[in-house]
Amino acid sequence: QVQLVESGGGLVQPGGSLRLSCAASGFAFSTYWMYWVRQAPGKGLEWVSSINTGGAGTYYVDSVKGRFTISRDNAKNTLYLQMNSLQSDDTAVYYCARDSSGRVRGQGTQVTVSS
C-alpha cells in the first residue's frame with residue numbers, strides 16, 4: 001500500500017534551516033506530482049509546495065517563496081523540502097502528500113521555530 005514517511009523535523013531558532021525528507025513506497029513515485037502541506041496549531045491543512053514528475057517544475061505558496069526549495073530523487077523514491085530563513089509562522093506539522101489537498105499523506109514531522 002501507499003506509504004509516505006517524513007523525517008527531518010525538529011526545533012530550530014528563527015533564521016535557521018531544516019531539510020525534510022519523505023520516503024515513498026507502494027506506488028510509482030516517479031509518475032506522480034508530489035506535494036508538501038502543513039498544519040499549524042489550531043489551523044487547517046495548507047498547501048506549501050508542489051513539484052512535477054521530473055522535478056523541473058516547482059511551485060510555492062507566497063509565504064515561503066525564496067526561502068523553501070522542493071526537490072525529488074526519483075531513483076531513491078524520495079521527496080525533499082529545504083527550508084531556510086525559518087520564521088515562527090512556519091511552525092507546523094509538515095506532511096508529504098501525493099495530492100495537493102493532503103488526502104493521501106504521511107504521518108507528518110513537527111517543525112517548531114522558536115527562540
# chains A, B, ... in the order shown; residues from 1 in each chain; ligands from 1
call {"tool": "residues_around", "arguments": {"residues": "Lys76 in chain A", "least_positions_apart": "6", "cutoff": "12 Å", "atoms": "only C-alpha atoms", "output": "list in words"}}
result
Ser21, Cys22, Ala23, Ala24, Ser25, Ala28, Phe29 and Ser30 of chain A
call {"tool": "select_by_dssp", "arguments": {"residues": "chain A", "states": "strand (DSSP E or B)", "output": "number ranges by chain"}}
result
A: 3-7, 10-12, 18-25, 34-39, 45-51, 58-60, 68-73, 78-83, 92-97, 105, 109-113
call {"tool": "closest_residue", "arguments": {"among": "A:Gly26, A:Gly66, A:Pro41, A:Gly55", "to": "Gln82 in chain A", "atoms": "only C-alpha atoms"}}
result
A:Gly66
call {"tool": "residues_around", "arguments": {"residues": "Tyr94 in chain A", "least_positions_apart": "3", "cutoff": "10 Å", "atoms": "only C-alpha atoms", "output": "number ranges by chain"}}
result
A: 6-9, 20, 36-40, 45-48, 81, 90-91, 97, 105-111
call {"tool": "closest_residue", "arguments": {"among": "A:Phe27, A:Arg67, A:Ser85, A:Tyr80", "to": "Gln1 in chain A", "atoms": "only C-alpha atoms"}}
result
A:Phe27
call {"tool": "atom_distance", "arguments": {"atom1": "CA of Leu18 in chain A", "atom2": "CA of Thr31 in chain A"}}
result
26.7 Å
call {"tool": "closest_residue", "arguments": {"among": "A:Ser100, A:Asn74, A:Ser115, A:Gln87", "to": "Tyr60 in chain A", "atoms": "only C-alpha atoms"}}
result
A:Ser100
call {"tool": "closest_residue", "arguments": {"among": "A:Thr53, A:Val113, A:Leu79, A:Arg72", "to": "Leu4 in chain A", "atoms": "only C-alpha atoms"}}
result
A:Leu79
call {"tool": "select_by_dssp", "arguments": {"residues": "chain A", "states": "helix (DSSP H, G or I)", "output": "compact mmCIF listing (two decimals) with N, CA, C and O atoms, in the first residue's frame"}}
result
# COMPACT_ATOMS: atom_id res chain seq x y z
N PHE A 29 6.29 6.28 -7.76
CA PHE A 29 6.64 7.63 -7.30
C PHE A 29 6.97 8.56 -8.47
O PHE A 29 6.51 9.70 -8.52
N SER A 30 7.75 8.10 -9.41
CA SER A 30 8.25 8.98 -10.48
C SER A 30 7.15 9.46 -11.42
O SER A 30 7.37 10.40 -12.20
N THR A 31 5.97 8.87 -11.34
CA THR A 31 4.88 9.26 -12.24
C THR A 31 3.89 10.22 -11.58
O THR A 31 2.91 10.61 -12.21
N ASP A 62 3.00 31.79 -1.50
CA ASP A 62 3.74 33.05 -1.47
C ASP A 62 4.57 33.22 -0.20
O ASP A 62 5.68 33.77 -0.24
N SER A 63 4.07 32.72 0.92
CA SER A 63 4.73 32.96 2.20
C SER A 63 6.08 32.26 2.33
O SER A 63 6.87 32.61 3.22
N VAL A 64 6.37 31.29 1.46
CA VAL A 64 7.65 30.57 1.57
C VAL A 64 8.54 30.78 0.35
O VAL A 64 9.67 30.28 0.33
N SER A 88 8.72 32.04 12.87
CA SER A 88 7.80 31.43 13.82
C SER A 88 6.51 30.97 13.14
O SER A 88 5.92 29.95 13.53
N ASP A 89 6.08 31.69 12.10
CA ASP A 89 4.86 31.31 11.37
C ASP A 89 5.01 30.00 10.60
O ASP A 89 4.03 29.46 10.12
N ASP A 90 6.24 29.51 10.48
CA ASP A 90 6.46 28.23 9.80
C ASP A 90 6.25 27.05 10.74
O ASP A 90 6.29 25.90 10.29
call {"tool": "residues_around", "arguments": {"residues": "Tyr59 in chain A", "least_positions_apart": "6", "cutoff": "8 Å", "atoms": "only C-alpha atoms", "output": "JSON, numbers by chain"}}
result
{"A": [49, 50, 51]}
call {"tool": "write_last_selection", "arguments": {"atoms": "all heavy atoms", "output": "PDB file, in the first residue's frame"}}
result
ATOM      1  N   SER A  49       3.955  23.487  -1.178  1.00  0.00           N
ATOM      2  CA  SER A  49       4.788  23.405  -2.374  1.00  0.00           C
ATOM      3  C   SER A  49       4.426  22.175  -3.186  1.00  0.00           C
ATOM      4  O   SER A  49       3.927  21.186  -2.642  1.00  0.00           O
ATOM      5  CB  SER A  49       6.264  23.338  -1.964  1.00  0.00           C
ATOM      6  OG  SER A  49       7.114  23.331  -3.088  1.00  0.00           O
ATOM      7  N   SER A  50       4.687  22.260  -4.501  1.00  0.00           N
ATOM      8  CA  SER A  50       4.456  21.148  -5.419  1.00  0.00           C
ATOM      9  C   SER A  50       5.666  20.988  -6.323  1.00  0.00           C
ATOM     10  O   SER A  50       6.387  21.958  -6.590  1.00  0.00           O
ATOM     11  CB  SER A  50       3.247  21.419  -6.322  1.00  0.00           C
ATOM     12  OG  SER A  50       2.110  21.742  -5.597  1.00  0.00           O
ATOM     13  N   ILE A  51       5.826  19.772  -6.835  1.00  0.00           N
ATOM     14  CA  ILE A  51       6.888  19.507  -7.792  1.00  0.00           C
ATOM     15  C   ILE A  51       6.362  18.534  -8.835  1.00  0.00           C
ATOM     16  O   ILE A  51       5.643  17.587  -8.504  1.00  0.00           O
ATOM     17  CB  ILE A  51       8.151  18.955  -7.078  1.00  0.00           C
ATOM     18  CG1 ILE A  51       9.332  18.856  -8.048  1.00  0.00           C
ATOM     19  CG2 ILE A  51       7.871  17.620  -6.402  1.00  0.00           C
ATOM     20  CD1 ILE A  51      10.665  18.625  -7.347  1.00  0.00           C
TER      21      ILE A  51
END
call {"tool": "closest_residue", "arguments": {"among": "A:Ala75, A:Val104, A:Gly16, A:Gly42", "to": "Val2 in chain A", "atoms": "only C-alpha atoms"}}
result
A:Val104
call {"tool": "closest_residue", "arguments": {"among": "A:Tyr95, A:Met83, A:Arg103, A:Thr58", "to": "Gly15 in chain A", "atoms": "only C-alpha atoms"}}
result
A:Met83
